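Asker: I'd like to ask you about the structure that follows.
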Amino acid sequence: MSKLLIYILVTATVYNAVPEQTDSDPLITASGAVIEACCPGDHRWIAVSRDLESEGFVFGAKVRITGTGEYDGIWTVQDRMHSRWIRRIDLLVDNHISYGKWHNVKLELLK
């Protein structure tokens with residue numbers, strides 16, 4: 001059983017492992033983890049805005065997401081968002097999914 005450490009409310013969006021939304025090497029996350037091109041959404045990985053790292057939402061951290069409907073559940077922090085974003089997460093999804101945005105999503109840091 002996971003123990004809750006902290007939770008915050010964030011805006012959640014989705015992203016795809018493509019150069020237009022990441023960088024020139026879209027299958028490598030900021031943590032160095034490799035995304036499988038066939039099925040990126042199977043990883044259940046998220047990117048977090050840099051301000052969340054100081055709250056413990058760092059690479060490898062397990063989190064519970066609530067408030068997105070079908071994407072609710074346990075995810076792992078494996079990527080970092082551009083510095084322009086604050087209190088925000090990006091859910092890595094399969095490339096055929098092009099849109100998703102939710103406000104006041106509960107992001108729980110688990111131990």
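Labels for the structure tokens follow display order: chains A, B, ..., residues from 1 in each chain, ligands from 1.
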Sorted by chain and rising residue number, which residues of segment 18-58 of chain A lie within 8 Å of segment 72-89 of chain A, and what are their closest atom pairs and distances in Å to one decimal, counting only C-alpha atoms, as CSV?
Answerer:
residue,atom,partner,partner_atom,distance
A:Thr29,CA,A:Asp79,CA,5.2
A:Ala30,CA,A:Asp79,CA,4.9
A:Ser31,CA,A:Gln78,CA,5.5
A:Ala33,CA,A:Gln78,CA,6.8
A:Arg44,CA,A:Trp75,CA,5.0
A:Trp45,CA,A:Thr76,CA,4.8
A:Ile46,CA,A:Val77,CA,5.0
A:Ala47,CA,A:Asp79,CA,4.0
A:Val48,CA,A:Ile89,CA,4.5
A:Ser49,CA,A:Met81,CA,4.9
A:Arg50,CA,A:Ser83,CA,6.3
A:Asp51,CA,A:Ile86,CA,6.1
A:Leu52,CA,A:Arg87,CA,6.6
A:Phe57,CA,A:Val77,CA,6.9
A:Val58,CA,A:Val77,CA,6.3
Asker: Mind writing the picked residues with N, CA and C atoms as a PDB file, in the first residue's frame?
Answerer:
ATOM      1  N   THR A  29      13.432  10.920 -22.530  1.00  0.00           N
ATOM      2  CA  THR A  29      12.899  11.914 -21.601  1.00  0.00           C
ATOM      3  C   THR A  29      14.043  12.666 -20.923  1.00  0.00           C
ATOM      4  N   ALA A  30      13.705  13.702 -20.196  1.00  0.00           N
ATOM      5  CA  ALA A  30      14.714  14.479 -19.471  1.00  0.00           C
ATOM      6  C   ALA A  30      15.446  13.630 -18.432  1.00  0.00           C
ATOM      7  N   SER A  31      14.804  12.572 -17.952  1.00  0.00           N
ATOM      8  CA  SER A  31      15.448  11.691 -16.971  1.00  0.00           C
ATOM      9  C   SER A  31      16.372  10.672 -17.634  1.00  0.00           C
ATOM     10  N   ALA A  33      15.098   8.248 -19.565  1.00  0.00           N
ATOM     11  CA  ALA A  33      14.281   7.072 -19.840  1.00  0.00           C
ATOM     12  C   ALA A  33      13.931   7.033 -21.325  1.00  0.00           C
ATOM     13  N   ARG A  44       2.795   5.161 -18.742  1.00  0.00           N
ATOM     14  CA  ARG A  44       2.175   5.910 -17.620  1.00  0.00           C
ATOM     15  C   ARG A  44       3.219   6.830 -16.993  1.00  0.00           C
ATOM     16  N   TRP A  45       3.872   7.620 -17.835  1.00  0.00           N
ATOM     17  CA  TRP A  45       4.876   8.592 -17.407  1.00  0.00           C
ATOM     18  C   TRP A  45       4.327   9.997 -17.558  1.00  0.00           C
ATOM     19  N   ILE A  46       4.782  10.887 -16.681  1.00  0.00           N
ATOM     20  CA  ILE A  46       4.402  12.287 -16.787  1.00  0.00           C
ATOM     21  C   ILE A  46       5.637  13.172 -16.792  1.00  0.00           C
ATOM     22  N   ALA A  47       5.430  14.366 -17.329  1.00  0.00           N
ATOM     23  CA  ALA A  47       6.398  15.455 -17.210  1.00  0.00           C
ATOM     24  C   ALA A  47       5.807  16.438 -16.203  1.00  0.00           C
ATOM     25  N   VAL A  48       6.662  17.047 -15.401  1.00  0.00           N
ATOM     26  CA  VAL A  48       6.196  18.019 -14.412  1.00  0.00           C
ATOM     27  C   VAL A  48       6.841  19.371 -14.678  1.00  0.00           C
ATOM     28  N   SER A  49       6.128  20.434 -14.307  1.00  0.00           N
ATOM     29  CA  SER A  49       6.730  21.762 -14.387  1.00  0.00           C
ATOM     30  C   SER A  49       7.842  21.836 -13.339  1.00  0.00           C
ATOM     31  N   ARG A  50       8.837  22.631 -13.622  1.00  0.00           N
ATOM     32  CA  ARG A  50      10.047  22.662 -12.788  1.00  0.00           C
ATOM     33  C   ARG A  50       9.788  23.096 -11.355  1.00  0.00           C
ATOM     34  N   ASP A  51       8.772  23.913 -11.115  1.00  0.00           N
ATOM     35  CA  ASP A  51       8.468  24.344  -9.750  1.00  0.00           C
ATOM     36  C   ASP A  51       8.033  23.177  -8.868  1.00  0.00           C
ATOM     37  N   LEU A  52       7.499  22.125  -9.455  1.00  0.00           N
ATOM     38  CA  LEU A  52       7.035  20.975  -8.672  1.00  0.00           C
ATOM     39  C   LEU A  52       8.184  20.103  -8.174  1.00  0.00           C
ATOM     40  N   PHE A  57       8.362  16.218  -6.436  1.00  0.00           N
ATOM     41  CA  PHE A  57       7.920  15.562  -7.662  1.00  0.00           C
ATOM     42  C   PHE A  57       9.107  15.483  -8.628  1.00  0.00           C
ATOM     43  N   VAL A  58      10.011  14.562  -8.344  1.00  0.00           N
ATOM     44  CA  VAL A  58      11.278  14.420  -9.065  1.00  0.00           C
ATOM     45  C   VAL A  58      11.265  13.127  -9.882  1.00  0.00           C
TER      46      VAL A  58
END
Asker: From the DSSP assignment of the backbone, select every residue of chain A that is strand (DSSP E), and format the answer as a PyMOL selection string.
Answerer: chain A and resi 4-15+45-48+62-66+73-80+88-92+101-110
Asker: Do you have the atom CA of Val93 of chain A-atom CA of Asn16 of chain A distance handy?
Answerer: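 Between atom CA of Val93 of chain A and atom CA of Asn16 of chain A the gap works out to 5.8 Å.
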Asker: Select, from A:Asp25, A:Glu53, A:Glu108, A:Asp90, the residue with the minimum atom-to-atom distance to Thr13 of chain A, counting only C-alpha atoms.
Answerer: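 Among the listed residues, the smallest separation from Thr13 of chain A belongs to A:Asp90.
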Asker: Please list as a count of residues only every residue within 8 Å of Lys101 of chain A, counting only C-alpha atoms and excluding residues in the same chain fewer than 6 positions away.
Answerer: 4
Asker: With a distance cut-off of 8 Å and only C-alpha atoms, select the neighbouring residues of Glu36 of chain A, excluding the residue or stretch itself and same-chain residues fewer than 3 positions from it, and output the selection as a list in words.
Answerer: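 My list of contacting residues is Leu27, Cys39 and Pro40 of chain A.
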Asker: Selected residues, all heavy atoms, written as a PDB file, in the first residue's frame, please.
Answerer:
ATOM      1  N   LEU A  27      12.123  10.498 -28.146  1.00  0.00           N
ATOM      2  CA  LEU A  27      11.958   9.213 -27.466  1.00  0.00           C
ATOM      3  C   LEU A  27      12.855   9.074 -26.236  1.00  0.00           C
ATOM      4  O   LEU A  27      12.879   8.019 -25.606  1.00  0.00           O
ATOM      5  CB  LEU A  27      12.193   8.058 -28.446  1.00  0.00           C
ATOM      6  CG  LEU A  27      11.199   7.995 -29.603  1.00  0.00           C
ATOM      7  CD1 LEU A  27      11.520   6.831 -30.529  1.00  0.00           C
ATOM      8  CD2 LEU A  27       9.762   7.901 -29.100  1.00  0.00           C
ATOM      9  N   CYS A  39       4.182   2.442 -28.429  1.00  0.00           N
ATOM     10  CA  CYS A  39       3.094   2.596 -27.464  1.00  0.00           C
ATOM     11  C   CYS A  39       3.502   3.468 -26.274  1.00  0.00           C
ATOM     12  O   CYS A  39       3.564   2.979 -25.148  1.00  0.00           O
ATOM     13  CB  CYS A  39       2.645   1.227 -26.985  1.00  0.00           C
ATOM     14  SG  CYS A  39       4.035   0.099 -26.667  1.00  0.00           S
ATOM     15  N   PRO A  40       3.783   4.750 -26.514  1.00  0.00           N
ATOM     16  CA  PRO A  40       4.248   5.609 -25.425  1.00  0.00           C
ATOM     17  C   PRO A  40       3.275   5.705 -24.256  1.00  0.00           C
ATOM     18  O   PRO A  40       3.684   5.818 -23.101  1.00  0.00           O
ATOM     19  CB  PRO A  40       4.459   6.969 -26.083  1.00  0.00           C
ATOM     20  CG  PRO A  40       3.811   6.899 -27.408  1.00  0.00           C
ATOM     21  CD  PRO A  40       3.688   5.465 -27.778  1.00  0.00           C
TER      22      PRO A  40
END
Asker: So how far away is atom CA of Ala17 of chain A from atom CA of Val34 of chain A, in Å?
Answerer: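 Answer for the atom CA of Val34 of chain A to atom CA of Ala17 of chain A separation: 10.5 Å.
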Asker: Just asking: which residues within chain A are alpha helix (DSSP H) according to DSSP, as a list in words?
Answerer: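 DSSP on the backbone gives alpha helix (DSSP H) at Arg50, Asp51, Leu52 and Glu53 of chain A.
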Asker: Taking 5 positions as the minimum chain separation for residues in the same chain, which residues sit within 8 Å of Asn104 of chain A when counting only C-alpha atoms? Answer as number ranges by chain.
Answerer: A: 9-11, 67
Asker: Calculate how many Å separate atom CA of Tyr7 of chain A from atom CA of Tyr71 of chain A, rounding to one decimal.
Answerer: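 Going from atom CA of Tyr7 of chain A over to atom CA of Tyr71 of chain A covers 17.1 Å.
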Asker: Go through A:Arg64, A:Glu20, A:Gly100, A:Phe59 one by one, measure the shortest atom-to-atom distance of each to Ile6 of chain A using only C-alpha atoms, and give the residue with the smallest value.
Answerer: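 Answer, going by the shortest atom-to-atom distance: A:Arg64.
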Asker: Of the candidates A:Gly32, A:Pro19, A:Gly69, A:Gly60, which shows the shortest atom-to-atom distance to Val105 of chain A, using only C-alpha atoms?
Answerer: A:Gly69
